[in-house]
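File shown: structure.cif. Contents: mmCIF, C-alpha atoms and all ligand atoms.
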data_protein
loop_
_atom_site.label_atom_id
_atom_site.label_comp_id
_atom_site.auth_asym_id
_atom_site.auth_seq_id
_atom_site.Cartn_x
_atom_site.Cartn_y
_atom_site.Cartn_z
CA MET A 1 48.24 -108.32 -13.12
CA LEU A 2 45.49 -107.72 -15.69
CA CYS A 3 45.54 -103.99 -14.90
CA ARG A 4 49.28 -103.86 -15.52
CA VAL A 5 48.87 -105.61 -18.92
CA ILE A 6 46.07 -103.20 -19.95
CA ARG A 7 48.14 -100.19 -18.84
CA GLY A 8 51.15 -101.56 -20.84
CA CYS A 9 48.95 -101.97 -23.91
CA LEU A 10 47.59 -98.41 -23.57
CA LEU A 11 51.11 -96.95 -23.21
CA TRP A 12 52.29 -98.98 -26.22
CA SER A 13 49.37 -97.81 -28.36
CA ARG A 14 50.01 -94.18 -27.37
CA GLY A 15 53.71 -94.58 -28.28
CA TYR A 16 52.70 -96.23 -31.57
CA ARG A 17 50.34 -93.36 -32.34
CA GLN A 18 53.05 -90.79 -31.59
CA ALA A 19 55.56 -92.66 -33.77
CA ARG A 20 53.00 -92.86 -36.59
CA HIS A 21 52.27 -89.16 -36.21
CA ALA A 22 56.00 -88.31 -36.36
CA ALA A 23 56.49 -90.55 -39.43
CA LEU A 24 53.53 -88.94 -41.18
CA THR A 25 54.82 -85.43 -40.39
CA ALA A 26 58.28 -86.35 -41.72
CA LEU A 27 56.73 -87.83 -44.88
CA MET A 28 54.58 -84.74 -45.54
CA THR A 29 57.55 -82.39 -44.90
CA GLY A 30 59.66 -84.42 -47.33
CA PHE A 31 56.88 -84.30 -49.90
CA VAL A 32 56.54 -80.51 -49.60
CA LEU A 33 60.34 -80.11 -49.90
CA LEU A 34 60.29 -82.38 -52.96
CA LEU A 35 57.60 -80.24 -54.59
CA ALA A 36 59.47 -77.06 -53.65
CA GLY A 37 62.53 -78.50 -55.41
CA CYS A 38 60.54 -78.65 -58.65
CA ALA A 39 60.38 -74.83 -58.76
CA SER A 40 64.11 -74.39 -59.44
CA ASN A 41 64.48 -77.49 -61.59
CA PRO A 42 66.17 -76.52 -64.86
CA GLN A 43 64.51 -79.54 -66.48
CA THR A 44 61.01 -78.27 -65.70
CA THR A 45 58.37 -78.40 -68.42
CA LEU A 46 56.30 -75.78 -66.57
CA VAL A 47 58.26 -72.78 -67.89
CA PRO A 48 57.77 -73.10 -71.66
CA ARG A 49 60.34 -71.40 -73.92
CA ALA A 50 58.86 -72.01 -77.35
CA GLU A 51 55.48 -71.37 -78.95
CA VAL A 52 54.73 -75.08 -79.27
CA SER A 53 55.50 -75.72 -75.60
CA GLN A 54 53.36 -72.69 -74.64
CA LYS A 55 50.39 -74.27 -76.46
CA ILE A 56 50.97 -77.58 -74.66
CA GLN A 57 51.29 -75.73 -71.35
CA ASP A 58 48.03 -73.79 -71.91
CA LEU A 59 46.21 -77.04 -72.68
CA PHE A 60 47.73 -78.69 -69.61
CA VAL A 61 46.68 -75.84 -67.31
CA ALA A 62 43.17 -75.70 -68.80
CA THR A 63 42.62 -79.45 -68.32
CA ILE A 64 43.91 -79.19 -64.72
CA TRP A 65 41.22 -76.55 -63.97
CA TRP A 66 38.50 -78.56 -65.69
CA GLY A 67 39.65 -81.64 -63.80
CA LEU A 68 39.49 -79.73 -60.50
CA ALA A 69 35.94 -78.62 -61.35
CA VAL A 70 35.03 -82.31 -61.40
CA VAL A 71 37.29 -83.61 -58.61
CA ILE A 72 36.41 -81.05 -55.93
CA PRO A 73 32.57 -81.53 -55.89
CA VAL A 74 32.95 -85.33 -56.19
CA GLU A 75 35.44 -85.52 -53.30
CA LEU A 76 33.35 -83.16 -51.14
CA ALA A 77 30.27 -85.34 -51.75
CA LEU A 78 32.31 -88.44 -50.90
CA PHE A 79 33.60 -86.97 -47.61
CA TYR A 80 30.14 -85.73 -46.71
CA ALA A 81 28.59 -89.16 -47.33
CA ALA A 82 31.38 -90.97 -45.45
CA LEU A 83 30.97 -88.73 -42.39
CA ARG A 84 27.19 -88.31 -42.44
CA PHE A 85 26.38 -91.99 -42.91
CA ARG A 86 29.29 -93.59 -41.02
CA HIS A 87 28.68 -96.51 -38.70
CA ARG A 88 27.91 -95.50 -35.11
CA ALA A 89 28.04 -97.93 -32.23
CA ASP A 90 24.95 -96.41 -30.56
CA GLN A 91 22.64 -96.64 -33.59
CA ASP A 92 22.74 -100.02 -35.29
CA ARG A 93 20.93 -99.59 -38.61
CA GLY A 94 21.79 -103.07 -39.84
CA ALA A 95 23.28 -103.77 -43.27
CA PRO A 96 22.70 -100.99 -45.85
CA VAL A 97 20.06 -101.60 -48.51
CA GLY A 98 21.48 -101.99 -52.05
CA ARG A 99 19.77 -100.21 -54.93
CA HIS A 100 19.89 -101.48 -58.51
CA GLY A 101 18.65 -100.43 -61.92
CA SER A 102 18.33 -96.65 -61.80
CA THR A 103 18.28 -96.07 -65.56
CA ARG A 104 18.25 -92.28 -65.13
CA LEU A 105 21.39 -92.30 -62.95
CA GLU A 106 23.20 -94.70 -65.27
CA ILE A 107 22.42 -92.58 -68.33
CA ALA A 108 23.54 -89.47 -66.45
CA TRP A 109 26.92 -90.86 -65.38
CA THR A 110 27.56 -92.19 -68.87
CA ILE A 111 26.62 -89.03 -70.77
CA VAL A 112 28.31 -86.48 -68.47
CA PRO A 113 31.84 -88.01 -68.76
CA VAL A 114 31.37 -88.44 -72.54
CA LEU A 115 30.50 -84.73 -72.82
CA ILE A 116 33.49 -83.72 -70.63
CA LEU A 117 35.89 -85.84 -72.74
CA ALA A 118 34.40 -84.45 -75.96
CA VAL A 119 34.97 -80.89 -74.73
CA ILE A 120 38.59 -81.68 -73.75
CA ALA A 121 39.18 -83.44 -77.09
CA VAL A 122 38.61 -80.28 -79.17
CA PRO A 123 41.61 -78.21 -77.93
CA THR A 124 43.71 -81.38 -77.55
CA VAL A 125 43.27 -82.31 -81.21
CA GLN A 126 43.93 -78.68 -82.21
CA VAL A 127 47.28 -78.71 -80.34
CA ILE A 128 48.22 -82.13 -81.77
CA PHE A 129 47.61 -80.81 -85.31
CA ALA A 130 49.55 -77.60 -84.53
CA THR A 131 52.62 -79.53 -83.33
CA ALA A 132 52.42 -81.97 -86.27
CA GLN A 133 52.51 -79.22 -88.94
CA VAL A 134 55.38 -79.10 -91.40
CA ALA A 135 58.12 -76.78 -90.14
CA SER A 136 58.74 -73.44 -91.84
CA PRO A 137 61.00 -73.81 -94.92
CA ARG A 138 63.26 -71.13 -93.38
CA ALA A 139 64.02 -73.45 -90.45
CA VAL A 140 67.52 -74.42 -89.34
CA GLN A 141 67.76 -78.09 -90.24
CA VAL A 142 69.31 -80.38 -87.63
CA ARG A 143 69.90 -84.08 -88.09
CA VAL A 144 69.90 -85.77 -84.67
CA ILE A 145 71.59 -89.17 -84.35
CA ALA A 146 71.30 -90.82 -80.95
CA HIS A 147 74.10 -93.13 -79.80
CA GLN A 148 74.64 -95.11 -76.60
CA TRP A 149 75.11 -92.65 -74.77
CA TRP A 150 75.59 -89.36 -76.56
CA TRP A 151 73.90 -87.11 -79.08
CA GLU A 152 75.24 -86.26 -82.51
CA PHE A 153 73.98 -83.06 -84.15
CA ARG A 154 74.54 -82.49 -87.87
CA TYR A 155 73.64 -79.20 -89.58
CA PRO A 156 73.47 -80.24 -93.26
CA GLN A 157 72.95 -76.66 -94.54
CA LEU A 158 75.94 -75.39 -92.56
CA HIS A 159 78.27 -78.44 -92.87
CA ILE A 160 78.76 -78.64 -89.09
CA VAL A 161 78.85 -81.74 -86.91
CA THR A 162 78.89 -81.53 -83.14
CA ALA A 163 78.14 -83.70 -80.12
CA ASN A 164 76.01 -83.25 -76.99
CA GLU A 165 75.87 -79.49 -77.57
CA LEU A 166 73.08 -78.05 -79.69
CA HIS A 167 73.35 -74.41 -80.80
CA LEU A 168 70.22 -72.66 -82.10
CA PRO A 169 69.47 -69.06 -83.09
CA VAL A 170 66.70 -67.41 -81.06
CA GLY A 171 63.43 -66.74 -82.89
CA GLN A 172 64.18 -69.04 -85.83
CA THR A 173 62.40 -72.37 -86.15
CA ALA A 174 64.63 -75.42 -85.73
CA ASN A 175 63.52 -78.50 -87.63
CA PHE A 176 64.87 -81.83 -86.40
CA SER A 177 64.98 -85.15 -88.17
CA LEU A 178 65.84 -87.82 -85.64
CA THR A 179 67.25 -91.32 -85.90
CA SER A 180 69.33 -93.72 -83.80
CA ALA A 181 72.59 -95.53 -84.49
CA ASP A 182 71.73 -98.38 -82.11
CA VAL A 183 68.74 -98.78 -79.75
CA ILE A 184 65.60 -96.73 -79.07
CA HIS A 185 66.21 -93.39 -77.33
CA SER A 186 64.01 -90.35 -76.73
CA PHE A 187 64.99 -86.77 -77.53
CA TRP A 188 63.77 -84.35 -74.88
CA ILE A 189 64.55 -80.74 -74.08
CA PRO A 190 61.99 -79.97 -71.34
CA ALA A 191 62.00 -76.17 -71.88
CA PHE A 192 60.83 -76.75 -75.45
CA ASP A 193 58.59 -79.72 -74.66
CA GLY A 194 59.89 -81.52 -77.68
CA LYS A 195 59.92 -85.15 -76.64
CA ARG A 196 60.20 -87.60 -79.52
CA ASP A 197 61.17 -91.25 -79.57
CA VAL A 198 64.28 -91.89 -81.64
CA PHE A 199 64.40 -95.19 -83.53
CA PRO A 200 67.09 -96.99 -85.55
CA ASN A 201 66.25 -97.25 -89.28
CA HIS A 202 63.39 -94.76 -88.98
CA ASP A 203 63.21 -90.97 -89.12
CA ASN A 204 61.06 -89.02 -86.69
CA ALA A 205 60.43 -85.30 -87.00
CA LEU A 206 60.08 -82.44 -84.53
CA TRP A 207 60.28 -78.65 -84.67
CA PHE A 208 60.05 -75.69 -82.34
CA THR A 209 61.05 -72.03 -82.31
CA PRO A 210 63.13 -71.14 -79.24
CA GLY A 211 61.78 -67.89 -77.81
CA VAL A 212 64.57 -66.80 -75.45
CA VAL A 213 68.36 -66.77 -75.34
CA GLY A 214 69.81 -69.13 -72.73
CA THR A 215 71.19 -72.56 -71.91
CA PHE A 216 68.72 -75.39 -71.50
CA PRO A 217 69.46 -78.97 -70.47
CA GLY A 218 68.09 -81.92 -72.40
CA GLN A 219 67.98 -85.60 -71.63
CA CYS A 220 67.37 -88.97 -73.20
CA ALA A 221 63.93 -89.97 -71.94
CA GLU A 222 63.82 -93.65 -72.90
CA PHE A 223 65.80 -96.24 -70.96
CA CYS A 224 68.61 -97.29 -73.30
CA GLY A 225 71.21 -99.08 -71.19
CA PRO A 226 73.47 -98.62 -68.15
CA SER A 227 74.40 -94.98 -68.91
CA HIS A 228 70.93 -93.84 -69.98
CA ALA A 229 70.86 -91.31 -67.11
CA TYR A 230 74.09 -89.73 -68.42
CA MET A 231 72.79 -89.32 -71.97
CA ALA A 232 72.36 -85.59 -71.59
CA MET A 233 72.73 -82.64 -73.92
CA THR A 234 73.03 -78.88 -73.60
CA THR A 235 70.98 -76.56 -75.81
CA ILE A 236 72.50 -73.12 -76.25
CA VAL A 237 70.04 -70.63 -77.75
CA GLN A 238 71.96 -67.60 -79.05
CA SER A 239 71.27 -64.22 -80.62
CA ARG A 240 71.54 -64.23 -84.41
CA ALA A 241 74.99 -62.57 -84.28
CA ASP A 242 76.35 -65.00 -81.67
CA PHE A 243 74.97 -67.99 -83.57
CA ASP A 244 76.53 -66.77 -86.84
CA ALA A 245 79.87 -66.28 -85.05
CA TRP A 246 79.64 -69.85 -83.67
CA VAL A 247 78.86 -71.15 -87.18
CA ARG A 248 81.91 -69.38 -88.64
CA GLU A 249 84.17 -70.86 -85.91
CA GLN A 250 82.76 -74.35 -86.46
CA GLN A 251 83.27 -74.11 -90.22
CA ARG A 252 87.01 -73.47 -89.87
CA SER A 253 89.13 -76.56 -90.33
CA ALA A 254 91.07 -78.03 -87.43
CA ARG A 255 94.39 -78.24 -89.24
CA ALA A 256 94.41 -74.49 -89.90
CA MET A 257 93.89 -73.83 -86.21
CA VAL A 258 96.68 -76.07 -84.93
CA SER A 259 99.25 -74.79 -87.41
CA GLY A 260 98.13 -71.21 -86.69
CA GLN A 261 98.76 -71.81 -82.99
CA ALA A 262 102.09 -73.48 -83.61
CA ALA A 263 103.30 -70.41 -85.39
CA SER A 264 102.38 -68.16 -82.52
CA SER A 265 103.15 -69.92 -79.22
CA GLY A 266 104.96 -72.64 -77.28
CA ALA A 267 101.60 -74.13 -76.30
CA GLY A 268 101.10 -74.62 -80.03
CA ALA A 269 104.17 -76.90 -80.15
CA GLU A 270 102.69 -79.15 -77.45
CA ALA A 271 99.35 -79.24 -79.32
CA ARG A 272 101.21 -80.25 -82.50
CA ALA A 273 102.95 -83.06 -80.62
CA GLY A 274 99.52 -84.12 -79.38
CA ALA A 275 98.20 -84.12 -82.96
CA THR A 276 100.91 -86.65 -83.85
CA VAL A 277 100.13 -88.87 -80.83
CA PHE A 278 96.44 -88.69 -81.73
CA ALA A 279 97.02 -89.51 -85.40
CA GLN A 280 99.29 -92.48 -84.60
CA GLY A 281 97.05 -93.93 -81.88
CA THR A 282 93.76 -95.79 -82.06
CA CYS A 283 91.73 -92.55 -81.65
CA VAL A 284 91.44 -92.06 -85.42
CA GLY A 285 89.55 -95.34 -85.75
CA CYS A 286 86.54 -93.86 -83.98
CA HIS A 287 86.77 -90.06 -84.16
CA THR A 288 86.76 -87.50 -86.94
CA ILE A 289 88.80 -84.32 -86.88
CA ALA A 290 88.06 -82.54 -90.15
CA GLY A 291 91.12 -81.81 -92.25
CA THR A 292 93.20 -84.61 -90.66
CA SER A 293 93.60 -88.36 -91.12
CA ALA A 294 91.03 -88.95 -88.34
CA VAL A 295 87.82 -90.00 -90.11
CA GLY A 296 86.25 -92.52 -87.67
CA GLN A 297 82.47 -92.42 -87.38
CA VAL A 298 81.91 -94.40 -84.17
CA GLY A 299 82.48 -91.69 -81.55
CA PRO A 300 81.78 -87.96 -81.41
CA ASN A 301 83.28 -85.67 -84.05
CA LEU A 302 86.12 -83.83 -82.28
CA THR A 303 86.83 -81.15 -84.91
CA HIS A 304 85.94 -78.38 -82.44
CA VAL A 305 85.86 -80.31 -79.15
CA GLY A 306 87.86 -77.56 -77.40
CA SER A 307 84.98 -75.12 -77.93
CA ARG A 308 82.40 -77.25 -76.13
CA VAL A 309 81.21 -76.34 -72.67
CA ASN A 310 81.18 -79.94 -71.44
CA ILE A 311 82.84 -83.16 -72.48
CA GLY A 312 81.65 -86.74 -72.22
CA TRP A 313 78.50 -85.74 -70.43
CA GLN A 314 76.72 -82.70 -69.08
CA LEU A 315 78.28 -82.57 -65.62
CA LEU A 316 81.90 -82.75 -66.76
CA THR A 317 83.10 -79.22 -67.54
CA ASN A 318 85.53 -79.00 -70.44
CA THR A 319 88.83 -78.32 -68.64
CA PRO A 320 92.26 -79.88 -69.43
CA ALA A 321 92.16 -81.82 -66.13
CA ASN A 322 88.70 -83.25 -66.86
CA MET A 323 89.69 -84.04 -70.45
CA ALA A 324 92.63 -86.09 -69.14
CA ARG A 325 90.40 -87.87 -66.60
CA TRP A 326 87.90 -88.67 -69.32
CA ILE A 327 90.51 -90.05 -71.74
CA ALA A 328 92.14 -92.11 -68.98
CA ASN A 329 88.88 -93.85 -68.06
CA PRO A 330 85.59 -92.95 -69.80
CA SER A 331 83.73 -95.82 -68.09
CA SER A 332 84.26 -94.23 -64.67
CA PHE A 333 81.96 -91.42 -65.89
CA LYS A 334 79.71 -93.40 -68.23
CA PRO A 335 79.54 -97.08 -67.27
CA GLY A 336 79.53 -99.22 -70.41
CA ALA A 337 80.95 -96.47 -72.64
CA LEU A 338 82.33 -97.89 -75.90
CA MET A 339 85.55 -95.88 -75.64
CA PRO A 340 88.24 -97.95 -73.89
CA ALA A 341 90.50 -96.44 -71.22
CA GLN A 342 93.61 -94.97 -72.90
CA ARG A 343 96.97 -95.83 -71.36
CA LEU A 344 99.15 -92.86 -72.27
CA SER A 345 102.40 -91.68 -70.73
CA ASN A 346 102.11 -88.42 -68.77
CA SER A 347 103.79 -86.40 -71.51
CA ASN A 348 101.65 -87.96 -74.27
CA MET A 349 98.47 -87.36 -72.24
CA LYS A 350 99.42 -83.71 -71.70
CA ALA A 351 100.13 -83.31 -75.41
CA VAL A 352 96.86 -84.96 -76.53
CA VAL A 353 94.87 -82.84 -74.06
CA ALA A 354 96.64 -79.68 -75.31
CA TYR A 355 95.79 -80.71 -78.89
CA LEU A 356 92.10 -81.42 -78.17
CA GLU A 357 91.67 -78.26 -76.11
CA SER A 358 93.21 -76.25 -78.99
CA LEU A 359 90.46 -77.43 -81.34
CA LYS A 360 88.19 -74.44 -80.75
CU1 LIG A 401 69.36 -92.91 -74.75
CU2 LIG A 401 68.24 -93.31 -72.76
#
Is it possible to express this structure as structure tokens?
Ligand code: CUA
Amino acid sequence: MLCRVIRGCLLWSRGYRQARHAALTALMTGFVLLLAGCASNPQTTLVPRAEVSQKIQDLFVATIWWGLAVVIPVELALFYAALRFRHRADQDRGAPVGRHGSTRLEIAWTIVPVLILAVIAVPTVQVIFATAQVASPRAVQVRVIAHQWWWEFRYPQLHIVTANELHLPVGQTANFSLTSADVIHSFWIPAFDGKRDVFPNHDNALWFTPGVVGTFPGQCAEFCGPSHAYMAMTTIVQSRADFDAWVREQQRSARAMVSGQAASSGAGAEARAGATVFAQGTCVGCHTIAGTSAVGQVGPNLTHVGSRVNIGWQLLTNTPANMARWIANPSSFKPGALMPAQRLSNSNMKAVVAYLESLK
């Protein structure tokens, strides 16, 4: 009977060990896959795209190496001591003897970390001062206003207002002044390392010079309510010529575009019908479309909404079908969104979508 119980216990412990081994293997595999996923992450901070982020990256890499120079010998010594002096059943040494009051050792392990931190502080302070400099006077000025849960970008020199989509010319410094219309947010475009808290009734500053042409995602990095995770933006860094062309398009007024279309096509007639539905509805209370009666300041400026890559948030491509889905129920994409669901007849919805999509 006793033998059977012991055998059962042994089998159980072997099964437990195997299960633990399998769980550990699965955990490690998952961890490696997770780390591998970081390599293709567009929101990585490890591939800097501006001179400021390169400086931060260099400092980060240097401190990692210095840290390893400390961690590796300390951990090796720890493992050596744990193995060499571990308890053995066959040699009972009794309780270990405690040692107190080695002034030399205590001075050593106080001074060495102080010296290490002092050495790390020099380049750290240099980088902090470099990032806190005043931006070049030739910089593109961008006023950033954070809202629950979207980003407003105003270009005061260029008289352009846009939402969730930031256009910048490559090689020219962009200087941001940031504030919030409601709660605290954080402005973060990982490729440019520019993370700054954004406060209501307070201006924060940030600048960087984008070094390459491309599209880079950005994200609010401070929890700000139920749709915080959807408070994303797209940064489009363009060649000088492409940026200038974008500026010229954005500076055109919306009314000129709709009437221009109406003259040339049947689609223009539908867009004009949509303009009427828009102007007579509640939309104008919250949105601005330059050159029309829509002057609301609550929601995104829609003067050139048709030209944006995404609408509502970063994962919703700007297509007529998505525009209609968004208008019909914004909260299904962004829970808690201020914009109420719009109950429009099919023909009115089609017309409004045609109008908004025509606003290039
Ligand atoms: Cu805004 Cu999180």
What separates CA of Ala50 (chain A) and CA of Gly194 (chain A) is a distance of 9.6 Å
Problem - Residue nearest Arg248 (chain A) among A:Ala351, A:Leu158, A:Gly94, A:Val213 (counting all atoms listed in the file) - result: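 Closest candidate: A:Leu158.
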_Among the residues A:Asp182, A:Val247, A:Ile189, A:Gly218, the one that comes closest to Gln157 (chain A) [using all atoms listed in the file]_ =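 Under the stated criterion, the closest residue is A:Val247.
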Next on the checklist: Here's a test: counting all atoms listed in the file, identify every protein, DNA and RNA residue with an atom at most 12 Å from (62.4, -70.9, -89.6) in the file's coordinate frame, and state them as number ranges by chain.
Outcome noted: A: 134-142, 168-176, 207-210
CA of Glu152 (chain A) to CA of Thr276 (chain A) measures 25.7 Å
Q | Contact residues around region 281-297 of chain A with all atoms listed in the file at 10 Å, ignoring same-chain residues under 3 positions, as an NGL selection string | A | :A and (161 or 251-256 or 275-278 or 300-305 or 338-339 or 342 or 344 or 356 or 359)
_Residues contacting ligand LIG 401 (chain A) - anything with an atom at most 10 Å away, using all atoms listed in the file - can you give me those as a PyMOL selection string?_
chain A and resi 146-151+180+182-187+197-198+219-232
Q. Which distance in Å separates CA of Pro48 (chain A) and CA of Ile236 (chain A), to one decimal?
A.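 Between CA of Pro48 (chain A) and CA of Ile236 (chain A) the gap is 15.4 Å.
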### Query
Which residue gives the smallest distance to Ala321 (chain A) among A:Glu357, A:Leu105, A:Gly336, A:Asn348, with only C-alpha atoms counted?
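Closest to Ala321 (chain A) of all the choices is A:Glu357.
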| message | Report as a list in words all protein, DNA and RNA residues lying within 7 Å of Asp193 (chain A), evaluated on only C-alpha atoms, omitting residues in the same chain fewer than 5 positions from it. | response |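 The contact residues come out as Thr45, Ser53 and Trp188 of chain A.
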Glu249 (chain A) proximity check over A:Ala328, A:Ile160, A:Val353, A:Leu59, using only C-alpha atoms: winner is A:Ile160
From the list A:Ala89, A:Leu46, A:Val74, A:Val52, which residue is nearest Gln126 (chain A) when using only C-alpha atoms?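 Among A:Ala89, A:Leu46, A:Val74, A:Val52, it is A:Val52 that comes nearest to Gln126 (chain A).
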Would you fill the gaps in region 320-328 of chain A so it has all heavy atoms, then print it as an mmCIF file, keeping the file's coordinate frame?
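Below is the file part18.cif, written as the result:
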data_model
loop_
_atom_site.group_PDB
_atom_site.id
_atom_site.type_symbol
_atom_site.label_atom_id
_atom_site.label_comp_id
_atom_site.auth_asym_id
_atom_site.auth_seq_id
_atom_site.Cartn_x
_atom_site.Cartn_y
_atom_site.Cartn_z
ATOM 1 N N PRO A 320 91.195 -78.905 -69.104
ATOM 2 C CA PRO A 320 92.260 -79.880 -69.430
ATOM 3 C C PRO A 320 92.289 -81.045 -68.435
ATOM 4 O O PRO A 320 92.455 -82.204 -68.833
ATOM 5 C CB PRO A 320 93.527 -79.037 -69.359
ATOM 6 C CG PRO A 320 93.067 -77.641 -69.680
ATOM 7 C CD PRO A 320 91.693 -77.521 -69.091
ATOM 8 N N ALA A 321 92.097 -80.744 -67.130
ATOM 9 C CA ALA A 321 92.160 -81.820 -66.130
ATOM 10 C C ALA A 321 91.043 -82.836 -66.366
ATOM 11 O O ALA A 321 91.273 -84.059 -66.336
ATOM 12 C CB ALA A 321 92.044 -81.230 -64.725
ATOM 13 N N ASN A 322 89.820 -82.330 -66.623
ATOM 14 C CA ASN A 322 88.700 -83.250 -66.860
ATOM 15 C C ASN A 322 88.873 -84.018 -68.169
ATOM 16 O O ASN A 322 88.503 -85.196 -68.263
ATOM 17 C CB ASN A 322 87.377 -82.475 -66.885
ATOM 18 C CG ASN A 322 86.886 -82.155 -65.483
ATOM 19 O OD1 ASN A 322 87.341 -82.765 -64.521
ATOM 20 N ND2 ASN A 322 85.992 -81.197 -65.376
ATOM 21 N N MET A 323 89.447 -83.359 -69.175
ATOM 22 C CA MET A 323 89.690 -84.040 -70.450
ATOM 23 C C MET A 323 90.636 -85.224 -70.227
ATOM 24 O O MET A 323 90.403 -86.324 -70.738
ATOM 25 C CB MET A 323 90.304 -83.039 -71.456
ATOM 26 C CG MET A 323 90.559 -83.624 -72.823
ATOM 27 S SD MET A 323 89.036 -83.915 -73.744
ATOM 28 C CE MET A 323 88.826 -82.318 -74.541
ATOM 29 N N ALA A 324 91.679 -85.012 -69.427
ATOM 30 C CA ALA A 324 92.630 -86.090 -69.140
ATOM 31 C C ALA A 324 91.948 -87.216 -68.366
ATOM 32 O O ALA A 324 92.158 -88.400 -68.652
ATOM 33 C CB ALA A 324 93.823 -85.536 -68.362
ATOM 34 N N ARG A 325 91.103 -86.848 -67.391
ATOM 35 C CA ARG A 325 90.400 -87.870 -66.600
ATOM 36 C C ARG A 325 89.477 -88.684 -67.492
ATOM 37 O O ARG A 325 89.364 -89.904 -67.358
ATOM 38 C CB ARG A 325 89.580 -87.209 -65.482
ATOM 39 C CG ARG A 325 90.421 -86.659 -64.348
ATOM 40 C CD ARG A 325 89.607 -85.727 -63.476
ATOM 41 N NE ARG A 325 88.562 -86.425 -62.731
ATOM 42 C CZ ARG A 325 87.429 -85.853 -62.304
ATOM 43 N NH1 ARG A 325 87.197 -84.589 -62.559
ATOM 44 N NH2 ARG A 325 86.545 -86.557 -61.639
ATOM 45 N N TRP A 326 88.820 -87.982 -68.410
ATOM 46 C CA TRP A 326 87.900 -88.670 -69.320
ATOM 47 C C TRP A 326 88.654 -89.657 -70.203
ATOM 48 O O TRP A 326 88.261 -90.828 -70.340
ATOM 49 C CB TRP A 326 87.135 -87.646 -70.175
ATOM 50 C CG TRP A 326 86.340 -88.294 -71.255
ATOM 51 C CD1 TRP A 326 86.734 -88.499 -72.546
ATOM 52 C CD2 TRP A 326 85.046 -88.884 -71.135
ATOM 53 N NE1 TRP A 326 85.749 -89.171 -73.241
ATOM 54 C CE2 TRP A 326 84.702 -89.409 -72.392
ATOM 55 C CE3 TRP A 326 84.126 -89.009 -70.082
ATOM 56 C CZ2 TRP A 326 83.489 -90.061 -72.626
ATOM 57 C CZ3 TRP A 326 82.925 -89.649 -70.316
ATOM 58 C CH2 TRP A 326 82.613 -90.164 -71.576
ATOM 59 N N ILE A 327 89.757 -89.187 -70.820
ATOM 60 C CA ILE A 327 90.510 -90.050 -71.740
ATOM 61 C C ILE A 327 91.067 -91.270 -70.994
ATOM 62 O O ILE A 327 91.077 -92.382 -71.515
ATOM 63 C CB ILE A 327 91.667 -89.255 -72.408
ATOM 64 C CG1 ILE A 327 91.091 -88.137 -73.292
ATOM 65 C CG2 ILE A 327 92.571 -90.170 -73.227
ATOM 66 C CD1 ILE A 327 92.127 -87.139 -73.790
ATOM 67 N N ALA A 328 91.518 -91.027 -69.743
ATOM 68 C CA ALA A 328 92.140 -92.110 -68.980
ATOM 69 C C ALA A 328 91.137 -93.206 -68.631
ATOM 70 O O ALA A 328 91.504 -94.384 -68.549
ATOM 71 C CB ALA A 328 92.777 -91.556 -67.711
#
